[in-house]
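Notes to accompany the following structure.
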Protein chains: 2
Amino acid sequence: MEDRTDPRLVRSRDAMVLAATALLTEGGLEAVTHQAVAARAGVGRATVYRHWPGLLDLRLAALEAGMPPLPPMPEELRAASGNDPRAELVHRLGVLAERWDDEQAGAVLAAILGGSRHDEGMRRLRESLLNQIADALRPAVTAAVERGQLRSDVTPETFAMATAGPLFFERFLAGNRLGRDTVDAVVDAAMRGWS
Amino acid sequence: MEDRTDPRLVRSRDAMVLAATALLTEGGLEAVTHQAVAARAGVGRATVYRHWPGLLDLRLAALEAGMPPLPPMPEELRAASGNDPRAELVHRLGVLAERWDDEQAGAVLAAILGGSRHDEGMRRLRESLLNQIADALRPAVTAAVERGQLRSDVTPETFAMATAGPLFFERFLAGNRLGRDTVDAVVDAAMRGWS
DNA sequence: CCCCTCTGAGACGGAATGTCCCATAGTAAG
DNA sequence: CTTACTATGGGACATTCCGTCTCAGAGGGG
């Protein structure tokens, strides 16, 4: 259990990760190479190799950095919505939609989708992403099921498919930005369709 | 309007496109390079450059070849279903799901999603893909609207989002294969949710 | 049969990749 | 402040890849 806190190490590391995510956003995963990261971060080429010996390691680091966890639901907001499952679902999917509207998220998602079929690390990222979404919806979905607003066989995973699916489609296949009205319509249709 | 029918030309071209799609399926878009295609197709490296001077041209050709149009709805099937919009929607989305279950389609889709943000050609491919889906659903959606089975403001594009979206999510984010039951449940929920 | 086009093979200069070494500067401990 | 240590930057190096060019020969059309 090493405690690597050498400031030089974290400094250069941060600079490299920052450069890598920027390159990823601008030019896709292919643009993330040891050389490009070194140049962008103002760092020696050998340093990048020292931190991430393999190209996949480097790219994985960029993807992880570009995929921070979703913020948890603020407790006061939950109370303010009167513990209404529908309102909570709209809020959580709204946060997700906001995240997906970001350029960086698009680059990360596309890269993970493409890479997860060939690389184990990216497969893990994809699964963690999926769990992130399902977990964000879990409490509200469970509550909605208990109140009879959703069929009892509807799991958070199913509901994620029914809501995040259309949002994903609209954002990344149709290329449209996600407005609050879209989120609202999707949640509405899903609750009606799966009850 | 040239009529290039030199057998040598089409022969080598076909071999290269075949090799390119295979490489795309196996290793993603990055695996498609002039060198790799030449080796795989048993063709001189210069020949690949002659046909597609740029790397993007080459990759675009591979993507186009891996994205054939959806087959039209057979007229007898349409009659057999008694012109029932719901049955037609299930059928068309079933065809789409089958297509997406194929390995090659996954590679193509992921590549298009990732590349369409930086390349004009891929953006066109993405749009054509979207239109393909919307067009496949158009007649049935229109019929369903006319019969009051869907709200009058539901367009084929909206319905595509509501159905192809979840299927896409389930297939490429959750990583599950698409069974007939999934298609059925999704169409069912969408028709209930958007009516 | 001849002419033309496409092809395969290879040479080439340039760029990128991966590995190594070493002098130096920043860091932690005495 | 001094000392031992460690990460860094820069460069050398061999190797591979990339894009372009040339040229002889095979395949096709008239």
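FYI, nothing fancy with the structure tokens labels: chains A, B, ... in order, residues from 1 per chain, ligands from 1 as they appear.
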
Legend entry - Spatial neighbours of C:DA9, 12 Å, only C-alpha atoms (C1' of nucleotides), chain gap at least 2 places, as number ranges by chain: B: 43-47; C: 7, 11; D: 22-25

Kindly save the residues from that selection, with C-alpha atoms (C1' of nucleotides) included, as an mmCIF file, in the first residue's frame.
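File result27.cif, as written:
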```cif
data_model
loop_
_atom_site.group_PDB
_atom_site.id
_atom_site.type_symbol
_atom_site.label_atom_id
_atom_site.label_comp_id
_atom_site.auth_asym_id
_atom_site.auth_seq_id
_atom_site.Cartn_x
_atom_site.Cartn_y
_atom_site.Cartn_z
ATOM 1 C CA VAL B 43 -3.393 -6.482 -52.717
ATOM 2 C CA GLY B 44 -0.565 -4.034 -53.205
ATOM 3 C CA ARG B 45 -0.382 -1.216 -50.721
ATOM 4 C CA ALA B 46 -0.302 1.353 -53.511
ATOM 5 C CA THR B 47 -3.555 -0.024 -54.893
ATOM 6 C "C1'" DT C 7 -1.881 -3.849 -60.702
ATOM 7 C "C1'" DA C 11 12.553 2.237 -53.207
ATOM 8 C "C1'" DT D 22 8.548 4.636 -60.329
ATOM 9 C "C1'" DC D 23 8.459 0.717 -63.367
ATOM 10 C "C1'" DA D 24 7.800 -3.643 -65.418
ATOM 11 C "C1'" DG D 25 4.173 -6.830 -66.402
#
```

Inset, instruction - Please identify all polymer residues within 8 Å of stretch 142-145 of chain A, counting only C-alpha atoms (C1' of nucleotides), omitting same-chain residues fewer than 2 positions from it, and present them as JSON, numbers by chain. - result: {"A": [85, 86, 138, 139, 140, 147, 148, 149, 150, 151, 152, 154, 155, 156]}

Restricted to C-alpha atoms, what would the selected residues look like written as a PDB file, in the first residue's frame?
```pdb
ATOM      1  CA  PRO A  85     -41.124   9.453  -7.523  1.00  0.00           C
ATOM      2  CA  ARG A  86     -41.965  11.092 -10.815  1.00  0.00           C
ATOM      3  CA  ARG A 138     -33.112   2.957  -8.272  1.00  0.00           C
ATOM      4  CA  PRO A 139     -34.703   4.680  -5.253  1.00  0.00           C
ATOM      5  CA  ALA A 140     -37.321   6.473  -7.306  1.00  0.00           C
ATOM      6  CA  ARG A 147     -46.985   3.057  -5.022  1.00  0.00           C
ATOM      7  CA  GLY A 148     -48.298   1.194  -8.000  1.00  0.00           C
ATOM      8  CA  GLN A 149     -47.138   3.844 -10.466  1.00  0.00           C
ATOM      9  CA  LEU A 150     -45.046   1.237 -12.236  1.00  0.00           C
ATOM     10  CA  ARG A 151     -45.602  -2.466 -12.839  1.00  0.00           C
ATOM     11  CA  SER A 152     -44.035  -4.635 -10.172  1.00  0.00           C
ATOM     12  CA  VAL A 154     -40.106  -3.033 -13.725  1.00  0.00           C
ATOM     13  CA  THR A 155     -36.526  -2.924 -12.478  1.00  0.00           C
ATOM     14  CA  PRO A 156     -34.253   0.110 -12.417  1.00  0.00           C
TER      15      PRO A 156
END
```

Inset, instruction - For chain B, report every residue with an atom at most 12 Å from chain C (counting only C-alpha atoms (C1' of nucleotides)), formatted as a count of residues only. - result: 20

At a cut-off of 10 Å, can you tabulate as CSV every residue of chain D near chain A together with its closest atom pair and the distance in Å to one decimal, using only C-alpha atoms (C1' of nucleotides) and ordering rows by chain then number?
```
residue,atom,partner,partner_atom,distance
D:DT6,C1',A:Asp6,CA,9.0
D:DA7,C1',A:Arg8,CA,6.8
D:DT8,C1',A:Thr47,CA,7.0
D:DG9,C1',A:Gly44,CA,5.4
D:DG10,C1',A:Gly44,CA,7.6
```

Inset, instruction - Show which residues sit within 9 Å of A:Glu157, as a ChimeraX atom specification. Count only C-alpha atoms (C1' of nucleotides), and ignore same-chain residues fewer than 2 positions away. - result: /A:130-131,133-135,137-138,154-155,159-162 /B:174

Stretch 24-162 of chain B: which residues are helix (DSSP H, G or I) by DSSP, as a PDB file with C-alpha atoms, in the first residue's frame?
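Once written, states-v7.pdb looks like this:
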```pdb
ATOM      1  CA  LEU B  24     -13.628  -3.039 -38.845  1.00  0.00           C
ATOM      2  CA  THR B  25     -15.651  -5.784 -37.243  1.00  0.00           C
ATOM      3  CA  GLU B  26     -12.647  -7.404 -35.618  1.00  0.00           C
ATOM      4  CA  GLY B  27     -10.666  -4.471 -34.406  1.00  0.00           C
ATOM      5  CA  LEU B  29     -12.299   1.583 -36.982  1.00  0.00           C
ATOM      6  CA  GLU B  30      -8.699   2.062 -35.930  1.00  0.00           C
ATOM      7  CA  ALA B  31      -7.801  -1.302 -37.367  1.00  0.00           C
ATOM      8  CA  HIS B  34      -4.272   1.168 -45.928  1.00  0.00           C
ATOM      9  CA  GLN B  35      -1.592  -1.259 -44.908  1.00  0.00           C
ATOM     10  CA  ALA B  36      -3.857  -3.641 -43.048  1.00  0.00           C
ATOM     11  CA  VAL B  37      -6.438  -3.660 -45.817  1.00  0.00           C
ATOM     12  CA  ALA B  38      -3.769  -4.332 -48.431  1.00  0.00           C
ATOM     13  CA  ALA B  39      -2.354  -7.249 -46.489  1.00  0.00           C
ATOM     14  CA  ARG B  40      -5.778  -8.679 -45.726  1.00  0.00           C
ATOM     15  CA  ALA B  41      -7.046  -8.326 -49.270  1.00  0.00           C
ATOM     16  CA  ARG B  45      -0.382  -1.216 -50.721  1.00  0.00           C
ATOM     17  CA  ALA B  46      -0.302   1.353 -53.511  1.00  0.00           C
ATOM     18  CA  THR B  47      -3.555  -0.024 -54.893  1.00  0.00           C
ATOM     19  CA  VAL B  48      -5.401   0.847 -51.721  1.00  0.00           C
ATOM     20  CA  TYR B  49      -4.016   4.361 -51.870  1.00  0.00           C
ATOM     21  CA  ARG B  50      -5.102   4.634 -55.485  1.00  0.00           C
ATOM     22  CA  HIS B  51      -8.708   3.822 -54.648  1.00  0.00           C
ATOM     23  CA  LEU B  55      -7.650   7.395 -44.565  1.00  0.00           C
ATOM     24  CA  LEU B  56     -11.108   8.799 -43.954  1.00  0.00           C
ATOM     25  CA  ASP B  57     -12.236   7.849 -47.443  1.00  0.00           C
ATOM     26  CA  LEU B  58     -11.137   4.311 -46.849  1.00  0.00           C
ATOM     27  CA  ARG B  59     -12.853   4.050 -43.502  1.00  0.00           C
ATOM     28  CA  LEU B  60     -15.978   5.650 -44.847  1.00  0.00           C
ATOM     29  CA  ALA B  61     -16.107   3.012 -47.572  1.00  0.00           C
ATOM     30  CA  ALA B  62     -15.859   0.297 -44.940  1.00  0.00           C
ATOM     31  CA  LEU B  63     -18.647   1.856 -42.906  1.00  0.00           C
ATOM     32  CA  GLU B  64     -20.916   2.300 -45.915  1.00  0.00           C
ATOM     33  CA  ALA B  65     -20.378  -1.300 -46.938  1.00  0.00           C
ATOM     34  CA  GLU B  75     -46.225  -6.763 -49.087  1.00  0.00           C
ATOM     35  CA  GLU B  76     -47.625 -10.187 -48.291  1.00  0.00           C
ATOM     36  CA  LEU B  77     -46.512  -9.889 -44.680  1.00  0.00           C
ATOM     37  CA  ARG B  78     -48.226  -6.556 -44.453  1.00  0.00           C
ATOM     38  CA  ALA B  79     -51.436  -8.079 -45.735  1.00  0.00           C
ATOM     39  CA  ALA B  80     -51.064 -11.092 -43.482  1.00  0.00           C
ATOM     40  CA  PRO B  85     -49.941  -0.977 -37.286  1.00  0.00           C
ATOM     41  CA  ARG B  86     -48.751  -2.578 -34.089  1.00  0.00           C
ATOM     42  CA  ALA B  87     -47.851  -5.845 -35.789  1.00  0.00           C
ATOM     43  CA  GLU B  88     -46.035  -3.956 -38.497  1.00  0.00           C
ATOM     44  CA  LEU B  89     -44.064  -1.947 -35.954  1.00  0.00           C
ATOM     45  CA  VAL B  90     -43.058  -5.091 -34.113  1.00  0.00           C
ATOM     46  CA  HIS B  91     -41.937  -6.629 -37.359  1.00  0.00           C
ATOM     47  CA  ARG B  92     -39.901  -3.656 -38.535  1.00  0.00           C
ATOM     48  CA  LEU B  93     -38.227  -3.138 -35.191  1.00  0.00           C
ATOM     49  CA  GLY B  94     -37.606  -6.869 -35.063  1.00  0.00           C
ATOM     50  CA  VAL B  95     -35.696  -6.618 -38.307  1.00  0.00           C
ATOM     51  CA  LEU B  96     -33.747  -3.717 -36.876  1.00  0.00           C
ATOM     52  CA  ALA B  97     -32.999  -5.661 -33.706  1.00  0.00           C
ATOM     53  CA  GLU B  98     -31.799  -8.597 -35.740  1.00  0.00           C
ATOM     54  CA  ARG B  99     -29.521  -6.334 -37.666  1.00  0.00           C
ATOM     55  CA  TRP B 100     -28.130  -4.850 -34.486  1.00  0.00           C
ATOM     56  CA  ASP B 101     -27.477  -8.264 -33.038  1.00  0.00           C
ATOM     57  CA  GLU B 103     -21.322  -8.050 -34.709  1.00  0.00           C
ATOM     58  CA  GLN B 104     -20.561  -5.962 -37.736  1.00  0.00           C
ATOM     59  CA  ALA B 105     -23.459  -3.625 -37.132  1.00  0.00           C
ATOM     60  CA  GLY B 106     -22.206  -2.945 -33.644  1.00  0.00           C
ATOM     61  CA  ALA B 107     -18.786  -2.008 -34.888  1.00  0.00           C
ATOM     62  CA  VAL B 108     -20.272   0.231 -37.557  1.00  0.00           C
ATOM     63  CA  LEU B 109     -22.640   1.981 -35.194  1.00  0.00           C
ATOM     64  CA  ALA B 110     -20.031   2.614 -32.568  1.00  0.00           C
ATOM     65  CA  ALA B 111     -17.634   3.976 -35.136  1.00  0.00           C
ATOM     66  CA  ILE B 112     -20.245   6.279 -36.624  1.00  0.00           C
ATOM     67  CA  LEU B 113     -21.255   7.567 -33.220  1.00  0.00           C
ATOM     68  CA  GLY B 114     -17.681   8.301 -32.341  1.00  0.00           C
ATOM     69  CA  GLY B 115     -16.622   9.718 -35.655  1.00  0.00           C
ATOM     70  CA  GLU B 120     -18.496  15.363 -42.173  1.00  0.00           C
ATOM     71  CA  GLY B 121     -18.796  12.063 -44.023  1.00  0.00           C
ATOM     72  CA  MET B 122     -19.623  10.179 -40.880  1.00  0.00           C
ATOM     73  CA  ARG B 123     -22.143  12.803 -39.913  1.00  0.00           C
ATOM     74  CA  ARG B 124     -23.915  12.094 -43.170  1.00  0.00           C
ATOM     75  CA  LEU B 125     -23.829   8.388 -42.441  1.00  0.00           C
ATOM     76  CA  ARG B 126     -25.334   8.997 -39.035  1.00  0.00           C
ATOM     77  CA  GLU B 127     -28.145  11.017 -40.520  1.00  0.00           C
ATOM     78  CA  SER B 128     -28.825   8.462 -43.193  1.00  0.00           C
ATOM     79  CA  LEU B 129     -28.962   5.813 -40.504  1.00  0.00           C
ATOM     80  CA  LEU B 130     -31.461   7.870 -38.573  1.00  0.00           C
ATOM     81  CA  ASN B 131     -33.600   8.380 -41.668  1.00  0.00           C
ATOM     82  CA  GLN B 132     -33.422   4.692 -42.407  1.00  0.00           C
ATOM     83  CA  ILE B 133     -34.995   3.949 -39.056  1.00  0.00           C
ATOM     84  CA  ALA B 134     -37.584   6.699 -39.218  1.00  0.00           C
ATOM     85  CA  ASP B 135     -38.569   5.732 -42.756  1.00  0.00           C
ATOM     86  CA  ALA B 136     -38.978   2.109 -41.770  1.00  0.00           C
ATOM     87  CA  LEU B 137     -41.464   3.113 -39.102  1.00  0.00           C
ATOM     88  CA  ARG B 138     -43.171   5.892 -41.014  1.00  0.00           C
ATOM     89  CA  PRO B 139     -46.099   4.068 -42.644  1.00  0.00           C
ATOM     90  CA  ALA B 140     -47.049   2.176 -39.515  1.00  0.00           C
ATOM     91  CA  VAL B 141     -46.736   5.220 -37.283  1.00  0.00           C
ATOM     92  CA  THR B 142     -48.876   7.280 -39.632  1.00  0.00           C
ATOM     93  CA  ALA B 143     -51.480   4.548 -39.706  1.00  0.00           C
ATOM     94  CA  ALA B 144     -51.459   4.235 -35.947  1.00  0.00           C
ATOM     95  CA  VAL B 145     -51.956   7.973 -35.565  1.00  0.00           C
ATOM     96  CA  GLU B 146     -54.866   7.881 -37.979  1.00  0.00           C
ATOM     97  CA  PRO B 156     -41.923   8.739 -36.889  1.00  0.00           C
ATOM     98  CA  GLU B 157     -38.835  10.439 -35.467  1.00  0.00           C
ATOM     99  CA  THR B 158     -40.362  10.623 -32.034  1.00  0.00           C
ATOM    100  CA  PHE B 159     -41.484   7.036 -32.183  1.00  0.00           C
ATOM    101  CA  ALA B 160     -38.042   5.999 -33.339  1.00  0.00           C
ATOM    102  CA  MET B 161     -36.590   7.645 -30.275  1.00  0.00           C
ATOM    103  CA  ALA B 162     -39.149   5.923 -28.074  1.00  0.00           C
TER     104      ALA B 162
END
```

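Taking atom CA of A:Gly193 and atom CA of B:Leu70 as the two end points, the separation is 27.4 Å.
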
Legend entry - Option closest in space to chain B, from A:Gly28, A:Met67, A:Pro74, A:Asp84 [counting only C-alpha atoms]: A:Gly28
